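Text of my_file11.tsv, listed as TSV, C-alpha atoms and all ligand atoms:
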chain	number	residue	atom	x	y	z
A	1	MET	CA	15.27	-25.13	10.06
A	2	VAL	CA	17.23	-21.87	9.73
A	3	LYS	CA	15.30	-18.69	10.49
A	4	LYS	CA	16.60	-15.51	8.90
A	5	GLU	CA	15.37	-12.05	9.78
A	6	LEU	CA	13.91	-10.04	6.90
A	7	SER	CA	14.81	-6.37	6.88
A	8	GLY	CA	12.76	-3.34	5.94
A	9	GLY	CA	9.78	-3.86	8.23
A	10	ARG	CA	9.51	-4.01	12.01
A	11	LYS	CA	12.82	-4.96	13.57
A	12	GLY	CA	13.10	-8.50	14.94
A	13	LYS	CA	9.51	-9.35	13.93
A	14	ILE	CA	9.55	-10.62	10.35
A	15	TRP	CA	11.37	-13.86	9.54
A	16	LYS	CA	12.04	-16.10	6.59
A	17	GLU	CA	12.12	-19.83	7.21
A	18	SER	CA	12.58	-22.03	4.19
A	19	GLU	CA	10.17	-20.57	1.59
A	20	THR	CA	7.82	-19.09	4.19
A	21	VAL	CA	7.52	-15.77	6.00
A	22	ILE	CA	6.61	-15.57	9.68
A	23	ARG	CA	5.25	-12.27	10.95
A	24	PRO	CA	3.18	-11.10	13.94
A	25	SER	CA	-0.55	-11.85	13.83
A	26	ASN	CA	-3.27	-9.48	14.99
A	27	ASP	CA	-7.02	-9.31	15.58
A	28	TRP	CA	-7.56	-8.84	11.86
A	29	THR	CA	-5.32	-11.72	10.69
A	30	ARG	CA	-8.28	-14.12	10.33
A	31	THR	CA	-9.92	-11.68	7.89
A	32	VAL	CA	-6.65	-11.16	6.02
A	33	HIS	CA	-6.20	-14.91	5.60
A	34	ARG	CA	-9.79	-15.33	4.44
A	35	PHE	CA	-9.20	-12.63	1.84
A	36	LEU	CA	-5.86	-14.04	0.67
A	37	SER	CA	-7.44	-17.50	0.36
A	38	TYR	CA	-10.27	-15.94	-1.66
A	39	LEU	CA	-7.70	-14.47	-4.09
A	40	ARG	CA	-5.55	-17.61	-4.31
A	41	GLU	CA	-8.65	-19.76	-5.00
A	42	ARG	CA	-9.26	-17.53	-8.00
A	43	GLY	CA	-5.79	-18.20	-9.39
A	44	VAL	CA	-4.11	-15.03	-8.13
A	45	ASP	CA	-0.38	-15.68	-7.73
A	46	PHE	CA	0.76	-12.12	-7.02
A	47	VAL	CA	-0.16	-12.37	-3.34
A	48	PRO	CA	1.31	-14.86	-0.85
A	49	LYS	CA	-0.47	-18.06	0.05
A	50	PRO	CA	-1.79	-17.82	3.64
A	51	LEU	CA	-0.48	-20.94	5.37
A	52	SER	CA	-1.42	-20.68	9.05
A	53	PHE	CA	-1.76	-18.37	12.04
A	54	ASP	CA	-2.05	-18.52	15.81
A	55	SER	CA	-2.33	-15.87	18.50
A	56	ASP	CA	1.31	-14.82	17.99
A	57	ASN	CA	2.23	-15.25	14.36
A	58	GLU	CA	1.04	-15.81	10.84
A	59	VAL	CA	2.82	-17.86	8.19
A	60	LEU	CA	2.66	-17.00	4.49
A	61	SER	CA	4.49	-18.14	1.37
A	62	PHE	CA	7.60	-16.19	0.43
A	63	MET	CA	7.15	-14.04	-2.68
A	64	PRO	CA	10.11	-13.78	-5.09
A	65	GLY	CA	11.72	-10.44	-5.95
A	66	ASP	CA	13.19	-7.39	-4.29
A	67	VAL	CA	11.33	-5.13	-1.90
A	68	PHE	CA	12.82	-1.66	-1.81
A	69	HIS	CA	12.78	0.78	1.04
A	70	SER	CA	13.57	4.49	1.18
A	71	PRO	CA	15.97	5.82	-0.04
A	72	TYR	CA	14.68	4.27	-3.25
A	73	PRO	CA	16.83	3.53	-6.31
A	74	LYS	CA	16.09	5.73	-9.32
A	75	ASP	CA	15.17	2.75	-11.53
A	76	LEU	CA	12.16	2.05	-9.32
A	77	PHE	CA	10.59	5.24	-10.62
A	78	SER	CA	10.91	4.58	-14.34
A	79	ILE	CA	7.69	4.94	-16.33
A	80	GLU	CA	7.64	1.19	-16.90
A	81	SER	CA	7.82	0.49	-13.16
A	82	LEU	CA	5.07	3.02	-12.54
A	83	LYS	CA	2.84	1.37	-15.15
A	84	SER	CA	3.49	-2.07	-13.70
A	85	ALA	CA	2.47	-0.85	-10.24
A	86	SER	CA	-0.78	0.59	-11.60
A	87	ARG	CA	-1.55	-2.59	-13.54
A	88	LEU	CA	-0.92	-4.69	-10.44
A	89	LEU	CA	-3.20	-2.55	-8.27
A	90	ARG	CA	-5.98	-2.78	-10.87
A	91	GLN	CA	-5.70	-6.57	-10.93
A	92	PHE	CA	-5.67	-6.72	-7.14
A	93	HIS	CA	-8.85	-4.64	-6.99
A	94	ASP	CA	-10.64	-6.54	-9.75
A	95	PHE	CA	-9.87	-9.99	-8.38
A	96	GLY	CA	-10.71	-8.95	-4.82
A	97	LYS	CA	-13.91	-6.96	-5.31
A	98	GLY	CA	-16.18	-10.02	-5.05
A	99	PHE	CA	-15.00	-10.44	-1.47
A	100	ILE	CA	-17.10	-7.42	-0.48
A	101	SER	CA	-20.23	-9.59	-0.59
A	102	GLN	CA	-18.56	-12.11	1.73
A	103	ILE	CA	-17.71	-9.65	4.49
A	104	SER	CA	-19.43	-10.36	7.79
A	105	ARG	CA	-19.77	-8.65	11.16
A	106	ASP	CA	-17.07	-10.95	12.50
A	107	ASP	CA	-14.46	-9.53	10.15
A	108	LYS	CA	-11.95	-7.20	11.75
A	109	TRP	CA	-9.90	-4.52	10.06
A	110	MET	CA	-6.90	-2.57	11.30
A	111	LEU	CA	-8.01	0.52	9.34
A	112	GLU	CA	-11.61	1.64	9.39
A	113	PRO	CA	-13.60	0.68	6.28
A	114	LYS	CA	-14.18	3.72	4.08
A	115	LYS	CA	-17.75	4.32	2.90
A	116	GLY	CA	-18.56	3.66	-0.75
A	117	PHE	CA	-17.26	0.08	-0.84
A	118	GLU	CA	-16.08	-0.85	-4.34
A	119	VAL	CA	-13.04	-3.00	-3.66
A	120	ILE	CA	-10.85	-4.35	-0.89
A	121	CYS	CA	-8.20	-1.67	-0.57
A	122	HIS	CA	-4.67	-2.78	0.20
A	123	GLY	CA	-4.33	0.28	2.39
A	124	ASP	CA	-0.57	0.69	1.97
A	125	PHE	CA	0.22	-0.01	-1.68
A	126	ALA	CA	3.72	1.44	-1.67
A	127	PRO	CA	7.08	0.26	-3.02
A	128	TYR	CA	7.97	-1.04	0.47
A	129	ASN	CA	5.06	-3.50	0.27
A	130	VAL	CA	5.56	-4.62	-3.33
A	131	CYS	CA	7.94	-7.25	-4.76
A	132	VAL	CA	9.81	-6.12	-7.85
A	133	ASN	CA	11.41	-8.27	-10.55
A	134	ASP	CA	13.40	-6.58	-13.34
A	135	TRP	CA	11.99	-3.26	-12.10
A	136	HIS	CA	8.42	-4.46	-12.58
A	137	ALA	CA	5.94	-4.70	-9.73
A	138	THR	CA	5.02	-8.39	-9.62
A	139	GLY	CA	3.89	-9.22	-6.09
A	140	ILE	CA	2.10	-7.65	-3.12
A	141	ILE	CA	2.87	-8.23	0.57
A	142	ASP	CA	1.86	-6.90	4.00
A	143	PHE	CA	-1.94	-7.07	4.15
A	144	ASP	CA	-2.45	-5.79	7.69
A	145	THR	CA	-4.01	-2.60	6.35
A	146	ILE	CA	-6.63	-4.11	3.99
A	147	HIS	CA	-10.17	-2.74	4.32
A	148	PRO	CA	-13.18	-2.17	2.07
A	149	GLY	CA	-13.38	1.21	0.36
A	150	PRO	CA	-13.64	3.10	-2.92
A	151	ARG	CA	-11.05	2.43	-5.63
A	152	LEU	CA	-9.80	6.01	-5.45
A	153	TRP	CA	-9.09	5.67	-1.72
A	154	ASP	CA	-6.38	3.13	-2.61
A	155	ILE	CA	-5.34	4.63	-5.97
A	156	SER	CA	-4.69	8.02	-4.39
A	157	TYR	CA	-2.33	6.57	-1.79
A	158	ALA	CA	-0.60	4.44	-4.45
A	159	ILE	CA	-0.06	7.59	-6.54
A	160	TYR	CA	1.28	9.35	-3.45
A	161	ARG	CA	3.89	6.62	-3.02
A	162	TRP	CA	4.67	5.60	-6.60
A	163	VAL	CA	4.67	8.98	-8.41
A	164	PRO	CA	5.68	10.02	-5.68
A	165	LEU	CA	3.22	12.92	-5.34
A	166	THR	CA	5.00	14.49	-2.38
A	167	SER	CA	6.34	17.87	-1.33
A	168	PRO	CA	9.95	18.84	-2.12
A	169	LEU	CA	10.45	18.68	1.67
A	170	ASN	CA	9.75	14.93	1.63
A	171	PRO	CA	13.02	12.97	1.29
A	172	ASP	CA	11.27	10.48	-1.06
A	173	THR	CA	10.48	13.17	-3.64
A	174	PHE	CA	12.03	12.52	-7.06
A	175	PHE	CA	10.29	14.87	-9.49
A	176	GLU	CA	9.03	18.44	-9.95
A	177	LEU	CA	5.30	19.18	-9.98
A	178	ASP	CA	4.81	19.00	-13.79
A	179	LYS	CA	6.45	15.61	-13.96
A	180	GLN	CA	4.48	14.45	-10.92
A	181	ILE	CA	1.22	15.43	-12.64
A	182	HIS	CA	2.27	13.60	-15.80
A	183	ARG	CA	3.15	10.49	-13.81
A	184	ALA	CA	-0.14	10.59	-11.89
A	185	GLY	CA	-1.91	10.78	-15.30
A	186	VAL	CA	0.00	7.70	-16.47
A	187	PHE	CA	-1.04	5.85	-13.33
A	188	PHE	CA	-4.70	6.74	-13.93
A	189	ASP	CA	-4.47	5.82	-17.65
A	190	VAL	CA	-3.00	2.40	-17.00
A	191	TYR	CA	-5.46	1.75	-14.18
A	192	GLY	CA	-8.27	2.70	-16.57
A	193	ALA	CA	-9.76	5.28	-14.23
A	194	SER	CA	-12.65	7.51	-15.29
A	195	ALA	CA	-12.18	11.27	-15.72
A	196	GLY	CA	-14.31	11.86	-12.64
A	197	LEU	CA	-11.75	10.13	-10.44
A	198	ARG	CA	-8.90	12.36	-11.60
A	199	GLU	CA	-10.66	15.48	-10.43
A	200	LYS	CA	-11.11	14.00	-6.97
A	201	LEU	CA	-7.51	12.87	-6.53
A	202	VAL	CA	-6.27	15.68	-4.29
A	203	PRO	CA	-9.26	15.86	-1.92
A	204	MET	CA	-9.29	12.08	-1.57
A	205	LEU	CA	-5.54	11.88	-0.98
A	206	VAL	CA	-5.65	14.67	1.59
A	207	GLU	CA	-8.45	12.83	3.40
A	208	ARG	CA	-6.44	9.61	3.22
A	209	LEU	CA	-3.33	11.26	4.70
A	210	GLU	CA	-5.39	12.93	7.41
A	211	ALA	CA	-6.93	9.56	8.32
A	212	LEU	CA	-3.43	8.12	8.53
A	213	ILE	CA	-2.20	10.89	10.82
A	214	SER	CA	-5.23	10.44	13.02
A	215	TYR	CA	-4.74	6.65	13.14
A	216	MET	CA	-1.09	7.12	14.03
A	217	THR	CA	-1.75	9.59	16.82
A	218	THR	CA	-4.61	7.58	18.31
A	219	ASN	CA	-3.20	4.07	18.05
A	220	ALA	CA	0.56	4.33	17.91
A	221	PRO	CA	1.48	3.89	21.58
A	222	GLN	CA	-0.21	0.48	21.85
A	223	SER	CA	0.20	-0.38	18.19
A	224	GLU	CA	1.81	-3.65	17.11
A	225	THR	CA	2.65	-2.04	13.79
A	226	ASN	CA	5.48	0.32	13.03
A	227	PHE	CA	3.40	3.49	13.42
A	228	GLY	CA	5.04	4.12	16.80
A	229	ASP	CA	8.41	4.38	15.06
A	230	ASP	CA	6.84	6.58	12.41
A	231	ILE	CA	5.89	9.14	15.02
A	232	ALA	CA	9.29	8.96	16.65
A	233	ASN	CA	10.88	9.52	13.24
A	234	GLY	CA	8.87	12.66	12.60
A	235	HIS	CA	6.79	11.11	9.81
A	236	ILE	CA	3.67	13.00	10.85
A	237	LYS	CA	5.37	16.29	10.00
A	238	VAL	CA	6.25	14.85	6.58
A	239	TYR	CA	2.59	13.95	5.95
A	240	GLN	CA	1.49	17.42	7.07
A	241	ASN	CA	3.94	19.07	4.66
A	242	ASP	CA	2.63	16.86	1.87
A	243	ILE	CA	-0.97	17.81	2.64
A	244	GLU	CA	-0.01	21.49	2.51
A	245	TYR	CA	1.74	20.97	-0.84
A	246	LEU	CA	-1.22	19.08	-2.32
A	247	LEU	CA	-3.72	21.75	-1.26
A	248	LYS	CA	-1.52	24.56	-2.56
A	249	HIS	CA	-1.36	22.92	-6.01
A	250	GLN	CA	-4.82	21.34	-6.01
A	251	SER	CA	-6.22	23.18	-9.05
A	252	LYS	CA	-3.05	22.83	-11.11
A	253	ILE	CA	-3.01	19.08	-10.40
A	254	ALA	CA	-6.73	18.68	-11.22
A	255	ASN	CA	-6.45	20.71	-14.45
A	256	GLY	CA	-3.27	18.93	-15.48
A	257	LEU	CA	-4.88	15.54	-14.95
A	258	ILE	CA	-8.09	16.39	-16.80
A	259	ASN	CA	-6.17	17.68	-19.81
A	260	SER	CA	-3.55	14.93	-19.88
B	1	LIG	N1	5.34	-12.81	1.78
B	1	LIG	C1	6.54	-12.24	1.63
B	1	LIG	N2	7.35	-12.61	0.63
B	1	LIG	C2	8.58	-12.07	0.48
B	1	LIG	N3	9.08	-11.16	1.31
B	1	LIG	C3	8.33	-10.73	2.33
B	1	LIG	C4	7.01	-11.23	2.55
B	1	LIG	N4	6.50	-10.61	3.64
B	1	LIG	C5	7.44	-9.78	4.08
B	1	LIG	N5	8.56	-9.85	3.30
B	1	LIG	C6	9.83	-9.11	3.48
B	1	LIG	O1	9.92	-8.64	4.81
B	1	LIG	C7	9.99	-7.22	4.85
B	1	LIG	C8	9.08	-6.66	5.92
B	1	LIG	O2	7.80	-7.19	5.73
B	1	LIG	P1	6.43	-6.43	6.01
B	1	LIG	O3	5.40	-7.50	6.06
B	1	LIG	O4	6.22	-5.36	5.02
B	1	LIG	O5	6.70	-5.82	7.45
B	1	LIG	P2	5.95	-4.62	8.21
B	1	LIG	O6	4.58	-5.12	8.49
B	1	LIG	O7	6.73	-4.41	9.46
B	1	LIG	O8	5.95	-3.46	7.27
B	1	LIG	C9	9.56	-6.75	3.46
B	1	LIG	O9	10.21	-5.57	3.11
B	1	LIG	C10	9.97	-7.90	2.58
B	1	LIG	O10	11.32	-7.77	2.20
B	2	MG	MG	5.43	-3.41	5.19

Show the structure stored in the file as structure tokens.
Amino acid sequence: MVKKELSGGRKGKIWKESETVIRPSNDWTRTVHRFLSYLRERGVDFVPKPLSFDSDNEVLSFMPGDVFHSPYPKDLFSIESLKSASRLLRQFHDFGKGFISQISRDDKWMLEPKKGFEVICHGDFAPYNVCVNDWHATGIIDFDTIHPGPRLWDISYAIYRWVPLTSPLNPDTFFELDKQIHRAGVFFDVYGASAGLREKLVPMLVERLEALISYMTTNAPQSETNFGDDIANGHIKVYQNDIEYLLKHQSKIANGLINS
């Protein structure tokens, strides 16, 4: 069988063989597979089928579509793409929320569960972990970061990546602040989020980015994930600039979202 390396993730680690994907397994892979099976048993076809795992690797079904990585094409940030991403995240949360009652002490998570469990958060719902067909988000991949938490914990990070709600210093930034606020409002609308959530976007996102920085600094050296590369590439500085930008414009963003 021919094995072909898939690009965009960790180098030399993610492979396609026939219609399957082979990627490194971790302590939390058993929990991830339990969760993916839970979704698939409920008819969810926008996540891969978990096929097997051992101490080295996991095997999942290959999801059709393109997965884009920075620098992103402009078409990925059309309003229609944005809406499709929000719709997909909502479905992911709604189908997965029943899994909360099936969590046990034996479950392991790469990222610490966040208090106020409402759903299973993807933890990294960004274009680089989403399959796109005709510029619509249709599939989700890379579940290493799943963990229980509030909806907004995941929505805020998705908005960060899909709006993108980032500082002009971030190379992934596409739009000015007013347009960013409008796009964040569209994401909330399509998700069907309550007004209360909009107000809390910036504080929650700042907390989320701070947790990410702290995870990266604490775990990166021994990490099996690509956080080590992130540090080497100066990504922490990018997150810090984004936090500064979000705090500077916090009230404008909150007011804009409430009145949109
Ligand atoms: N189940 C899958 N179906 C289709 N493509 C996949 C799947 N899993 C990974 N890929 C491809 O491999 C690339 C890297 O995978 P990913 O799991 O995101 O790696 P990493 O954990 O290093 O971020 C993705 O950008 C995507 O193109
Ligand atoms: Mg990935």

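The binding environment of ligand LIG 1 (chain B), defined as every protein, DNA or RNA residue with an atom no more than 7 Å away and counting only C-alpha atoms and all ligand atoms, comprises Leu6, Ser7, Gly8, Gly9, Arg10, Ile14, Val21, Arg23, Pro48, Leu60, Ser61, Phe62, Met63, Pro64, Asp66, Val67, Phe68, Tyr128, Asn129, Ile141, Asp142, Thr225 and Asn226 of chain A.
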
Identify, on the basis of all atoms listed in the file, every residue whose closest approach to segment 34-46 of chain A does not exceed 12 Å; exclude the query and any residue fewer than 4 positions from it along the same chain; express the result as an mmCIF file with C-alpha atoms, in the frame of the given file.
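The result, written out as part03.cif:
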data_model
loop_
_atom_site.group_PDB
_atom_site.id
_atom_site.type_symbol
_atom_site.label_atom_id
_atom_site.label_comp_id
_atom_site.auth_asym_id
_atom_site.auth_seq_id
_atom_site.Cartn_x
_atom_site.Cartn_y
_atom_site.Cartn_z
ATOM 1 C CA TRP A 28 -7.560 -8.840 11.860
ATOM 2 C CA THR A 29 -5.320 -11.720 10.690
ATOM 3 C CA ARG A 30 -8.280 -14.120 10.330
ATOM 4 C CA PRO A 50 -1.790 -17.820 3.640
ATOM 5 C CA LEU A 51 -0.480 -20.940 5.370
ATOM 6 C CA SER A 52 -1.420 -20.680 9.050
ATOM 7 C CA PHE A 53 -1.760 -18.370 12.040
ATOM 8 C CA LEU A 60 2.660 -17.000 4.490
ATOM 9 C CA SER A 61 4.490 -18.140 1.370
ATOM 10 C CA PHE A 62 7.600 -16.190 0.430
ATOM 11 C CA MET A 63 7.150 -14.040 -2.680
ATOM 12 C CA PRO A 64 10.110 -13.780 -5.090
ATOM 13 C CA GLY A 65 11.720 -10.440 -5.950
ATOM 14 C CA ALA A 85 2.470 -0.850 -10.240
ATOM 15 C CA ARG A 87 -1.550 -2.590 -13.540
ATOM 16 C CA LEU A 88 -0.920 -4.690 -10.440
ATOM 17 C CA LEU A 89 -3.200 -2.550 -8.270
ATOM 18 C CA GLN A 91 -5.700 -6.570 -10.930
ATOM 19 C CA PHE A 92 -5.670 -6.720 -7.140
ATOM 20 C CA HIS A 93 -8.850 -4.640 -6.990
ATOM 21 C CA ASP A 94 -10.640 -6.540 -9.750
ATOM 22 C CA PHE A 95 -9.870 -9.990 -8.380
ATOM 23 C CA GLY A 96 -10.710 -8.950 -4.820
ATOM 24 C CA LYS A 97 -13.910 -6.960 -5.310
ATOM 25 C CA GLY A 98 -16.180 -10.020 -5.050
ATOM 26 C CA PHE A 99 -15.000 -10.440 -1.470
ATOM 27 C CA ILE A 100 -17.100 -7.420 -0.480
ATOM 28 C CA SER A 101 -20.230 -9.590 -0.590
ATOM 29 C CA GLN A 102 -18.560 -12.110 1.730
ATOM 30 C CA ILE A 103 -17.710 -9.650 4.490
ATOM 31 C CA SER A 104 -19.430 -10.360 7.790
ATOM 32 C CA ASP A 106 -17.070 -10.950 12.500
ATOM 33 C CA ASP A 107 -14.460 -9.530 10.150
ATOM 34 C CA LYS A 108 -11.950 -7.200 11.750
ATOM 35 C CA TRP A 109 -9.900 -4.520 10.060
ATOM 36 C CA VAL A 119 -13.040 -3.000 -3.660
ATOM 37 C CA ILE A 120 -10.850 -4.350 -0.890
ATOM 38 C CA CYS A 121 -8.200 -1.670 -0.570
ATOM 39 C CA HIS A 122 -4.670 -2.780 0.200
ATOM 40 C CA VAL A 130 5.560 -4.620 -3.330
ATOM 41 C CA CYS A 131 7.940 -7.250 -4.760
ATOM 42 C CA VAL A 132 9.810 -6.120 -7.850
ATOM 43 C CA ASN A 133 11.410 -8.270 -10.550
ATOM 44 C CA ALA A 137 5.940 -4.700 -9.730
ATOM 45 C CA THR A 138 5.020 -8.390 -9.620
ATOM 46 C CA GLY A 139 3.890 -9.220 -6.090
ATOM 47 C CA ILE A 140 2.100 -7.650 -3.120
ATOM 48 C CA ILE A 141 2.870 -8.230 0.570
ATOM 49 C CA ASP A 142 1.860 -6.900 4.000
ATOM 50 C CA PHE A 143 -1.940 -7.070 4.150
ATOM 51 C CA ASP A 144 -2.450 -5.790 7.690
ATOM 52 C CA ILE A 146 -6.630 -4.110 3.990
ATOM 53 C CA HIS A 147 -10.170 -2.740 4.320
ATOM 54 C CA PRO A 148 -13.180 -2.170 2.070
#

Q) Which distance in Å separates atom CA of Leu111 of chain A and atom CA of Asp154 of chain A, to one decimal? A)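 Taking atom CA of Leu111 of chain A as the start and atom CA of Asp154 of chain A as the end point, the length is 12.3 Å.
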
Q) Out of A:Gln240, A:Ser194, A:Gln250, A:Gln180, which residue has the shortest atom-to-atom distance to Phe77 of chain A when counting only C-alpha atoms? A) A:Gln180

Q. Restricting the calculation to all atoms listed in the file, which member of A:His69, A:Lys74, A:Lys4, A:Lys49 is positioned closest to ligand MG 2 (chain B)?
A. A:His69

Q. Which residue out of A:Glu80, A:Asp75, A:Asp124, A:Glu176 has the minimum interatomic distance to ligand MG 2 (chain B) when only C-alpha atoms and all ligand atoms are used?
A.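 Result for the nearest residue to ligand MG 2 (chain B): A:Asp124.
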
(Q) List the spatial neighbours of segment 160-167 of chain A as a count of residues only - criterion: any atom at most 6 Å away, all atoms listed in the file, same-chain residues fewer than 2 positions off excluded. (A) 10

Q. So which one's closest to ligand MG 2 (chain B), A:Gly256, A:Pro71, A:Gly234, A:Gly123? Using only C-alpha atoms and all ligand atoms, please.
A. A:Gly123

Q. From the list A:His33, A:Thr145, A:Leu246, A:Pro150, which residue is nearest ligand MG 2 (chain B) when using all atoms listed in the file?
A.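 Under the stated criterion, the closest residue is A:Thr145.
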
Q | A:Trp153, A:Val202, A:Arg105, A:Pro127 ranked by distance to ligand MG 2 (chain B), top pick (using all atoms listed in the file) | A |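 Of A:Trp153, A:Val202, A:Arg105, A:Pro127, the one nearest ligand MG 2 (chain B) is A:Pro127, counting all atoms listed in the file.
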
Take every atom of segment 236-254 of chain A listed in the file, fit an axis-aligned box around them, add 5 Å per side, and give the centre and edge lengths in Å to one decimal as lines of an AutoDock Vina configuration file.
center_x = -0.2
center_y = 18.8
center_z = -0.2
size_x = 23.0
size_y = 21.6
size_z = 32.1

**Q.** Expected answer as a PyMOL selection string: all residues with atoms within 12 Å of (-3.2, 14.7, -11.6), only C-alpha atoms
**A.** chain A and resi 155-156+159-160+163-165+177-189+193+195-203+205+246+249-260

(Q) Could you list, as a PyMOL selection string, every residue within 8 Å of Ser18 of chain A, counting only C-alpha atoms and ignoring same-chain residues fewer than 5 positions away? (A) chain A and resi 1-3

Q: One decimal, Å: what's the distance from atom CA of Val238 of chain A over to atom CA of Pro73 of chain A, could you say?
A: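 Pair atom CA of Val238 of chain A / atom CA of Pro73 of chain A returns 20.2 Å.
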
Q) Could you state the separation of atom CA of Asn57 of chain A and atom CA of Thr217 of chain A in Å, given to one decimal place? A) 25.3 Å
